[in-house]
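The next block is run-v9.cif, given as mmCIF, C-alpha atoms and all ligand atoms.
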```cif
data_work
#
loop_
_atom_site.label_atom_id
_atom_site.label_comp_id
_atom_site.auth_asym_id
_atom_site.auth_seq_id
_atom_site.Cartn_x
_atom_site.Cartn_y
_atom_site.Cartn_z
CA MET T 278 0.00 0.00 0.00
CA GLN T 279 2.93 2.35 0.74
CA LEU T 280 3.88 1.78 -2.86
CA ILE T 281 0.61 3.29 -4.05
CA LEU T 282 0.97 6.31 -1.76
CA LYS T 283 4.54 6.80 -2.94
CA TYR T 284 3.29 7.52 -6.46
CA PHE T 285 -0.23 8.77 -5.70
CA PRO T 286 0.11 10.85 -2.51
CA ASP T 287 -3.14 12.80 -2.96
CA LEU T 288 -5.64 9.98 -2.48
CA SER T 289 -8.75 10.62 -0.39
CA GLU T 290 -9.40 8.63 2.81
CA ASP T 291 -12.04 6.60 0.93
CA GLN T 292 -9.60 5.77 -1.84
CA ILE T 293 -6.89 4.77 0.65
CA GLN T 294 -9.33 2.44 2.41
CA GLN T 295 -10.47 0.94 -0.88
CA PHE T 296 -6.92 0.30 -2.06
CA GLN T 297 -6.10 -1.22 1.34
CA LYS T 298 -9.12 -3.51 1.17
CA LEU T 299 -8.08 -4.91 -2.21
CA GLU T 300 -5.46 -7.19 -0.65
CA SER T 301 -7.81 -9.15 1.61
CA LEU T 302 -10.58 -9.22 -1.00
CA TYR T 303 -8.29 -10.71 -3.63
CA GLN T 304 -6.66 -13.07 -1.14
CA ASP T 305 -10.07 -14.45 -0.10
CA TRP T 306 -11.59 -14.66 -3.57
CA ASN T 307 -8.48 -16.01 -5.19
CA LEU T 308 -8.62 -19.05 -2.89
CA LYS T 309 -12.13 -19.80 -4.20
CA ILE T 310 -11.65 -18.84 -7.85
CA ASN T 311 -8.09 -18.55 -9.08
CA VAL T 312 -7.81 -15.38 -11.15
CA VAL T 313 -4.40 -14.11 -10.05
CA SER T 314 -1.29 -16.33 -9.90
CA ARG T 315 0.13 -17.07 -6.44
CA LYS T 316 3.31 -15.10 -7.05
CA ASP T 317 1.28 -12.17 -8.29
CA ILE T 318 -1.06 -12.19 -5.30
CA ASP T 319 2.00 -11.71 -3.04
CA GLU T 320 2.92 -8.69 -5.13
CA LEU T 321 -0.59 -7.48 -5.85
CA TYR T 322 0.17 -3.80 -5.35
CA LEU T 323 3.24 -3.78 -7.58
CA ARG T 324 2.22 -6.13 -10.40
CA HIS T 325 -1.46 -5.36 -10.61
CA VAL T 326 -2.50 -2.19 -8.80
CA LEU T 327 0.44 0.09 -9.57
CA HIS T 328 0.76 -1.34 -13.08
CA SER T 329 -2.93 -0.61 -13.76
CA LEU T 330 -2.53 2.90 -12.36
CA ALA T 331 0.14 3.72 -14.95
CA ILE T 332 -2.83 4.72 -17.11
CA ALA T 333 -3.65 7.35 -14.46
CA LYS T 334 -0.16 8.80 -14.99
CA VAL T 335 -0.99 9.29 -18.67
CA ILE T 336 -4.53 10.64 -18.38
CA GLU T 337 -6.90 12.02 -15.79
CA PHE T 338 -10.33 10.69 -16.75
CA LYS T 339 -12.97 13.41 -16.48
CA ALA T 340 -16.14 13.17 -14.44
CA GLY T 341 -18.90 11.63 -16.55
CA SER T 342 -16.54 10.03 -19.06
CA LYS T 343 -16.95 6.38 -20.06
CA VAL T 344 -14.19 3.78 -20.10
CA MET T 345 -14.37 0.10 -21.07
CA ASP T 346 -11.82 -2.47 -19.83
CA VAL T 347 -11.66 -5.29 -22.38
CA GLY T 348 -10.70 -8.74 -21.05
CA THR T 349 -10.56 -7.44 -17.49
CA GLY T 350 -9.90 -10.93 -16.02
CA GLY T 351 -9.74 -10.39 -12.25
CA GLY T 352 -10.35 -6.66 -12.73
CA PHE T 353 -7.13 -5.18 -14.13
CA PRO T 354 -6.67 -2.42 -15.03
CA GLY T 355 -10.38 -1.58 -14.47
CA ILE T 356 -10.73 -1.88 -10.69
CA PRO T 357 -7.73 0.26 -9.63
CA LEU T 358 -8.77 2.89 -12.22
CA ALA T 359 -12.36 2.87 -10.94
CA ILE T 360 -11.05 3.59 -7.42
CA MET T 361 -8.82 6.35 -8.76
CA PHE T 362 -11.60 7.99 -10.83
CA PRO T 363 -14.85 7.61 -8.88
CA GLU T 364 -16.73 10.03 -11.17
CA THR T 365 -15.94 8.04 -14.33
CA GLN T 366 -18.15 5.15 -15.49
CA PHE T 367 -16.25 1.89 -16.00
CA HIS T 368 -17.55 -1.07 -18.00
CA LEU T 369 -15.52 -4.23 -17.31
CA VAL T 370 -15.99 -6.96 -19.91
CA ASP T 371 -14.72 -10.54 -20.02
CA SER T 372 -15.70 -13.67 -21.90
CA ILE T 373 -15.14 -15.92 -18.85
CA ALA T 374 -17.94 -15.74 -16.28
CA LYS T 375 -16.02 -16.98 -13.22
CA LYS T 376 -13.50 -14.16 -13.54
CA LEU T 377 -16.32 -11.62 -13.46
CA LYS T 378 -17.69 -13.33 -10.35
CA VAL T 379 -14.49 -12.27 -8.55
CA VAL T 380 -14.71 -8.78 -10.04
CA ASP T 381 -18.36 -8.44 -8.92
CA GLU T 382 -17.44 -9.52 -5.39
CA VAL T 383 -14.53 -7.07 -5.23
CA VAL T 384 -16.74 -4.24 -6.56
CA GLU T 385 -19.34 -5.04 -3.90
CA GLY T 386 -16.74 -5.39 -1.15
CA LEU T 387 -15.31 -1.97 -2.00
CA GLY T 388 -18.72 -0.34 -2.44
CA LEU T 389 -17.81 0.94 -5.91
CA THR T 390 -20.83 2.48 -7.66
CA ASN T 391 -19.09 3.40 -10.93
CA VAL T 392 -18.43 -0.13 -12.24
CA LYS T 393 -20.63 -2.37 -14.34
CA THR T 394 -19.55 -5.81 -15.57
CA THR T 395 -20.69 -7.79 -18.60
CA HIS T 396 -19.96 -11.42 -19.43
CA THR T 397 -19.48 -11.39 -23.18
CA ARG T 398 -16.93 -11.23 -25.92
CA VAL T 399 -16.13 -7.57 -26.58
CA GLU T 400 -17.15 -7.97 -30.23
CA GLU T 401 -20.78 -8.19 -28.97
CA ILE T 402 -20.69 -4.83 -27.16
CA ASN T 403 -22.68 -2.08 -28.88
CA ASP T 404 -21.81 1.04 -26.95
CA THR T 405 -19.27 3.84 -27.26
CA TYR T 406 -16.58 4.99 -24.84
CA ASP T 407 -14.14 7.84 -24.48
CA PHE T 408 -11.38 5.31 -23.89
CA ILE T 409 -10.91 1.56 -24.08
CA VAL T 410 -8.27 0.22 -21.70
CA SER T 411 -6.71 -3.23 -21.59
CA ARG T 412 -3.79 -5.42 -20.52
CA ALA T 413 -2.63 -8.80 -21.82
CA VAL T 414 -5.61 -9.65 -24.02
CA ALA T 415 -4.71 -9.51 -27.73
CA ALA T 416 -2.15 -8.19 -30.19
CA MET T 417 -2.92 -4.67 -31.39
CA PRO T 418 -4.30 -5.53 -34.87
CA THR T 419 -6.85 -7.99 -33.41
CA PHE T 420 -7.70 -5.60 -30.61
CA VAL T 421 -8.25 -2.66 -32.96
CA HIS T 422 -10.53 -4.84 -35.06
CA TRP T 423 -12.59 -5.78 -31.99
CA VAL T 424 -13.11 -2.24 -30.70
CA LYS T 425 -13.63 -0.40 -33.99
CA GLY T 426 -16.91 1.54 -33.83
CA LYS T 427 -16.90 1.61 -30.02
CA ILE T 428 -15.15 4.98 -29.60
CA ALA T 429 -17.29 8.03 -28.75
CA LYS T 430 -17.40 11.01 -31.11
CA THR T 431 -17.19 13.80 -28.54
CA GLN T 432 -13.69 14.56 -27.25
CA ASN T 433 -13.66 15.39 -23.53
CA HIS T 434 -9.94 15.07 -22.84
CA ASN T 435 -6.71 16.57 -24.15
CA LEU T 436 -5.65 13.07 -25.17
CA LYS T 437 -7.69 11.94 -28.18
CA ASN T 438 -10.34 9.28 -27.62
CA GLY T 439 -9.08 5.78 -28.33
CA ILE T 440 -7.18 2.85 -26.85
CA LEU T 441 -4.91 2.93 -23.77
CA TYR T 442 -3.15 -0.43 -23.67
CA LEU T 443 -0.63 -1.67 -21.08
CA LYS T 444 2.03 -3.53 -23.02
CA GLY T 445 5.60 -4.75 -22.50
CA GLY T 446 8.74 -5.51 -24.42
CA ASP T 447 9.74 -4.54 -27.93
CA LEU T 448 6.61 -3.34 -29.70
CA SER T 449 8.17 -2.11 -32.94
CA GLU T 450 6.85 -5.04 -35.01
CA GLU T 451 3.39 -5.13 -33.40
CA LEU T 452 2.88 -1.39 -33.75
CA LYS T 453 4.56 -0.79 -37.10
CA ASP T 454 1.26 -0.07 -38.86
CA TYR T 455 0.08 2.37 -36.17
CA ARG T 456 1.94 5.59 -36.85
CA THR T 457 -0.36 7.62 -34.59
CA ALA T 458 0.42 5.48 -31.53
CA THR T 459 2.27 7.17 -28.66
CA LEU T 460 4.30 5.08 -26.20
CA TYR T 461 4.69 6.17 -22.60
CA ASP T 462 7.56 4.40 -20.86
CA LEU T 463 6.59 3.42 -17.32
CA THR T 464 10.15 4.15 -16.13
CA GLU T 465 9.17 7.82 -16.55
CA PHE T 466 6.72 7.32 -13.69
CA TYR T 467 8.00 4.43 -11.57
CA SER T 468 11.49 3.40 -10.42
CA GLU T 469 10.83 -0.33 -9.63
CA PRO T 470 12.68 -2.75 -11.99
CA PHE T 471 9.35 -4.55 -12.69
CA PHE T 472 8.35 -1.63 -14.92
CA GLU T 473 11.58 -1.49 -16.92
CA THR T 474 10.24 -2.63 -20.29
CA LYS T 475 6.60 -1.73 -19.74
CA LYS T 476 4.61 0.93 -21.52
CA VAL T 477 1.22 2.53 -21.96
CA VAL T 478 0.32 2.63 -25.64
CA HIS T 479 -2.12 5.37 -26.62
CA LEU T 480 -3.76 4.80 -29.99
CA PRO T 481 -6.23 7.52 -31.03
CA MET T 482 -9.23 6.08 -32.85
CA LYS T 483 -11.78 7.88 -34.98
CA PHE T 484 -15.50 7.64 -34.31
CA LYS T 485 -17.13 5.46 -36.95
CA GLY T 486 -20.76 6.57 -37.18
C1 LIG T 501 -4.38 -12.89 -19.76
S1 LIG T 501 -5.97 -12.40 -19.21
C2 LIG T 501 -5.68 -10.74 -18.70
C3 LIG T 501 -6.63 -10.29 -17.62
C4 LIG T 501 -6.42 -8.86 -17.11
N1 LIG T 501 -6.61 -7.88 -18.15
C5 LIG T 501 -5.04 -8.71 -16.49
O1 LIG T 501 -4.17 -8.09 -17.10
O2 LIG T 501 -4.83 -9.21 -15.36
C6 LIG T 501 -6.91 -12.18 -20.72
C7 LIG T 501 -8.40 -12.06 -20.49
O3 LIG T 501 -9.04 -11.62 -21.70
C8 LIG T 501 -10.28 -12.28 -21.82
N2 LIG T 501 -10.65 -12.22 -23.26
C9 LIG T 501 -9.95 -12.74 -24.30
N3 LIG T 501 -10.58 -12.44 -25.47
C10 LIG T 501 -11.70 -11.73 -25.14
C11 LIG T 501 -12.77 -11.14 -25.91
N4 LIG T 501 -12.81 -11.24 -27.23
N5 LIG T 501 -13.74 -10.47 -25.26
C12 LIG T 501 -13.71 -10.38 -23.90
N6 LIG T 501 -12.73 -10.92 -23.13
C13 LIG T 501 -11.74 -11.59 -23.74
C14 LIG T 501 -10.00 -13.67 -21.26
O4 LIG T 501 -11.18 -14.31 -20.85
C15 LIG T 501 -9.07 -13.37 -20.09
O5 LIG T 501 -9.78 -13.19 -18.89
#
```

Please express the file's structure as structure tokens.
Ligand SMILES: C[S@@+](CC[C@H](N)C(=O)[O-])C[C@H]1O[C@@H](n2cnc3c(N)ncnc32)[C@H](O)[C@@H]1O
Amino acid sequence: MQLILKYFPDLSEDQIQQFQKLESLYQDWNLKINVVSRKDIDELYLRHVLHSLAIAKVIEFKAGSKVMDVGTGGGFPGIPLAIMFPETQFHLVDSIAKKLKVVDEVVEGLGLTNVKTTHTRVEEINDTYDFIVSRAVAAMPTFVHWVKGKIAKTQNHNLKNGILYLKGGDLSEELKDYRTATLYDLTEFYSEPFFETKKVVHLPMKFKG
């Protein structure tokens, strides 16, 4: 938890309590339904919470904006972002029901009112969002194909509406066709070695009406 405060010192009391509660909620639920690996559960704040919050170092989601987390799994990056931006509406989607069971329990345990979950493949979603966030779900070309048509027309942020994807390693091949993509190196924000090769990829996407 100190790790979160080190990089996000201005959290409210409510947010601090919610971040603190994450550990016991995930420990309990992970025993019943395994959504986070054992090693990762021991380093929940570093590998999941702080990693998810890298998106909050790139953008401050506005009140009333809409964000979808595609392939949220156990709730990453959606849950930490929903705690960080309580006035933003988060839609967490996954094609595996048992993972969303854990997410629903965590959402209830934290008392989050800005999160809705849907058990479906993202291709079936017919709504639009300011931003679509994700981690470890699909290579960029597949992902772009899935979310095309799901980006809202109205721009509410300085950063253009589109995809914010947490990715790692050498992305030059995967992103070679996306000239408008911007890469934010997580070492700009965090000093832990875990983040050394990790990035947030911002890919602006046009509204397709
Ligand atoms: C490796 S997990 C990553 C989970 C989470 N984002 C994280 O980083 O901890 C990938 C997740 O994407 C989900 N997924 C894969 N394809 C999907 C699709 N087309 N629509 C919705 N969810 C999908 C899987 O069910 C799985 O839970």

### Message
Quick one: residues within 8 Å of Pro481 (chain T), all atoms listed in the file, excluding same-chain residues fewer than 6 positions away - as an NGL selection string?
### Response
:T and (437-440 or 457-458)

Could you dump the residues just selected with C-alpha atoms as a compact mmCIF listing (two decimals), in the frame of the given file?
```txt
# COMPACT_ATOMS: atom_id res chain seq x y z
CA LYS T 437 -7.69 11.94 -28.18
CA ASN T 438 -10.34 9.28 -27.62
CA GLY T 439 -9.08 5.78 -28.33
CA ILE T 440 -7.18 2.85 -26.85
CA THR T 457 -0.36 7.62 -34.59
CA ALA T 458 0.42 5.48 -31.53
```

Check which residues of chain T sit at most 8 Å from ligand LIG 501 (chain T) using all atoms listed in the file, and return one row each with the closest pair of atoms and their distance in Å to one decimal, ordered by chain and rising number, as CSV.
```
residue,atom,partner,partner_atom,distance
T:Val313,CA,T:LIG501,O2,7.2
T:His325,CA,T:LIG501,O2,7.0
T:Asp346,CA,T:LIG501,N1,7.7
T:Val347,CA,T:LIG501,C12,5.7
T:Gly348,CA,T:LIG501,O3,3.4
T:Thr349,CA,T:LIG501,N1,4.0
T:Gly350,CA,T:LIG501,O5,3.7
T:Gly351,CA,T:LIG501,O2,5.9
T:Gly352,CA,T:LIG501,C4,6.3
T:Phe353,CA,T:LIG501,C5,4.7
T:Pro354,CA,T:LIG501,N1,6.3
T:Val370,CA,T:LIG501,C12,5.7
T:Asp371,CA,T:LIG501,N6,3.7
T:Ser372,CA,T:LIG501,N6,4.2
T:Ile373,CA,T:LIG501,O4,4.7
T:Lys376,CA,T:LIG501,O5,6.6
T:His396,CA,T:LIG501,C12,7.8
T:Thr397,CA,T:LIG501,C12,5.9
T:Arg398,CA,T:LIG501,N5,3.3
T:Val399,CA,T:LIG501,N5,4.0
T:Glu400,CA,T:LIG501,N4,6.2
T:Ser411,CA,T:LIG501,N1,5.8
T:Arg412,CA,T:LIG501,O1,4.4
T:Ala413,CA,T:LIG501,C2,4.8
T:Val414,CA,T:LIG501,C6,4.4
T:Ala415,CA,T:LIG501,N3,6.9
T:Trp423,CA,T:LIG501,N4,7.2
```

Based on the selection just made, write C-alpha atoms of those residues as a CSV table (one decimal), in the frame of the given file.
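Okay, this is what ended up in part_11.csv:
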```csv
chain,number,residue,atom,x,y,z
T,313,VAL,CA,-4.4,-14.1,-10.0
T,325,HIS,CA,-1.5,-5.4,-10.6
T,346,ASP,CA,-11.8,-2.5,-19.8
T,347,VAL,CA,-11.7,-5.3,-22.4
T,348,GLY,CA,-10.7,-8.7,-21.0
T,349,THR,CA,-10.6,-7.4,-17.5
T,350,GLY,CA,-9.9,-10.9,-16.0
T,351,GLY,CA,-9.7,-10.4,-12.2
T,352,GLY,CA,-10.4,-6.7,-12.7
T,353,PHE,CA,-7.1,-5.2,-14.1
T,354,PRO,CA,-6.7,-2.4,-15.0
T,370,VAL,CA,-16.0,-7.0,-19.9
T,371,ASP,CA,-14.7,-10.5,-20.0
T,372,SER,CA,-15.7,-13.7,-21.9
T,373,ILE,CA,-15.1,-15.9,-18.8
T,376,LYS,CA,-13.5,-14.2,-13.5
T,396,HIS,CA,-20.0,-11.4,-19.4
T,397,THR,CA,-19.5,-11.4,-23.2
T,398,ARG,CA,-16.9,-11.2,-25.9
T,399,VAL,CA,-16.1,-7.6,-26.6
T,400,GLU,CA,-17.2,-8.0,-30.2
T,411,SER,CA,-6.7,-3.2,-21.6
T,412,ARG,CA,-3.8,-5.4,-20.5
T,413,ALA,CA,-2.6,-8.8,-21.8
T,414,VAL,CA,-5.6,-9.6,-24.0
T,415,ALA,CA,-4.7,-9.5,-27.7
T,423,TRP,CA,-12.6,-5.8,-32.0
```

### Given only C-alpha atoms as the counted atoms, nearest of T:Val335, T:Leu387, T:Leu377, T:Ile356 to Asn435 (chain T)
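Looking at the shortest contact to Asn435 (chain T), the residue is T:Val335.
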
### Counting all atoms listed in the file, the option among T:Thr365, T:Ser329, T:Ser342, T:Gln297 closest to Leu441 (chain T)
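Checking each of T:Thr365, T:Ser329, T:Ser342, T:Gln297 against Leu441 (chain T), counting all atoms listed in the file, the winner is T:Ser329.
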
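For the residues T:Val326, T:Ile428, T:Asp305, T:Thr464, ranking by smallest atom-to-atom distance to Ile409 (chain T) using all atoms listed in the file places T:Ile428 first.
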
### Query
For the atom pair CA of Gly446 (chain T) and CA of Val344 (chain T), what is the interatomic distance in Å to one decimal place?
25.1 Å

### Close residues, Leu389 (chain T) itself excluded, 10 Å, all atoms listed in the file, min 5 positions apart in chain, as a ChimeraX atom specification
/T:295,356,359-360,363,381,383-384

### Query
Using all atoms listed in the file, which of T:Leu299, T:Pro470, T:Tyr322, T:His422 sits nearest Lys283 (chain T)?
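For Lys283 (chain T), the nearest of the candidates is T:Tyr322.
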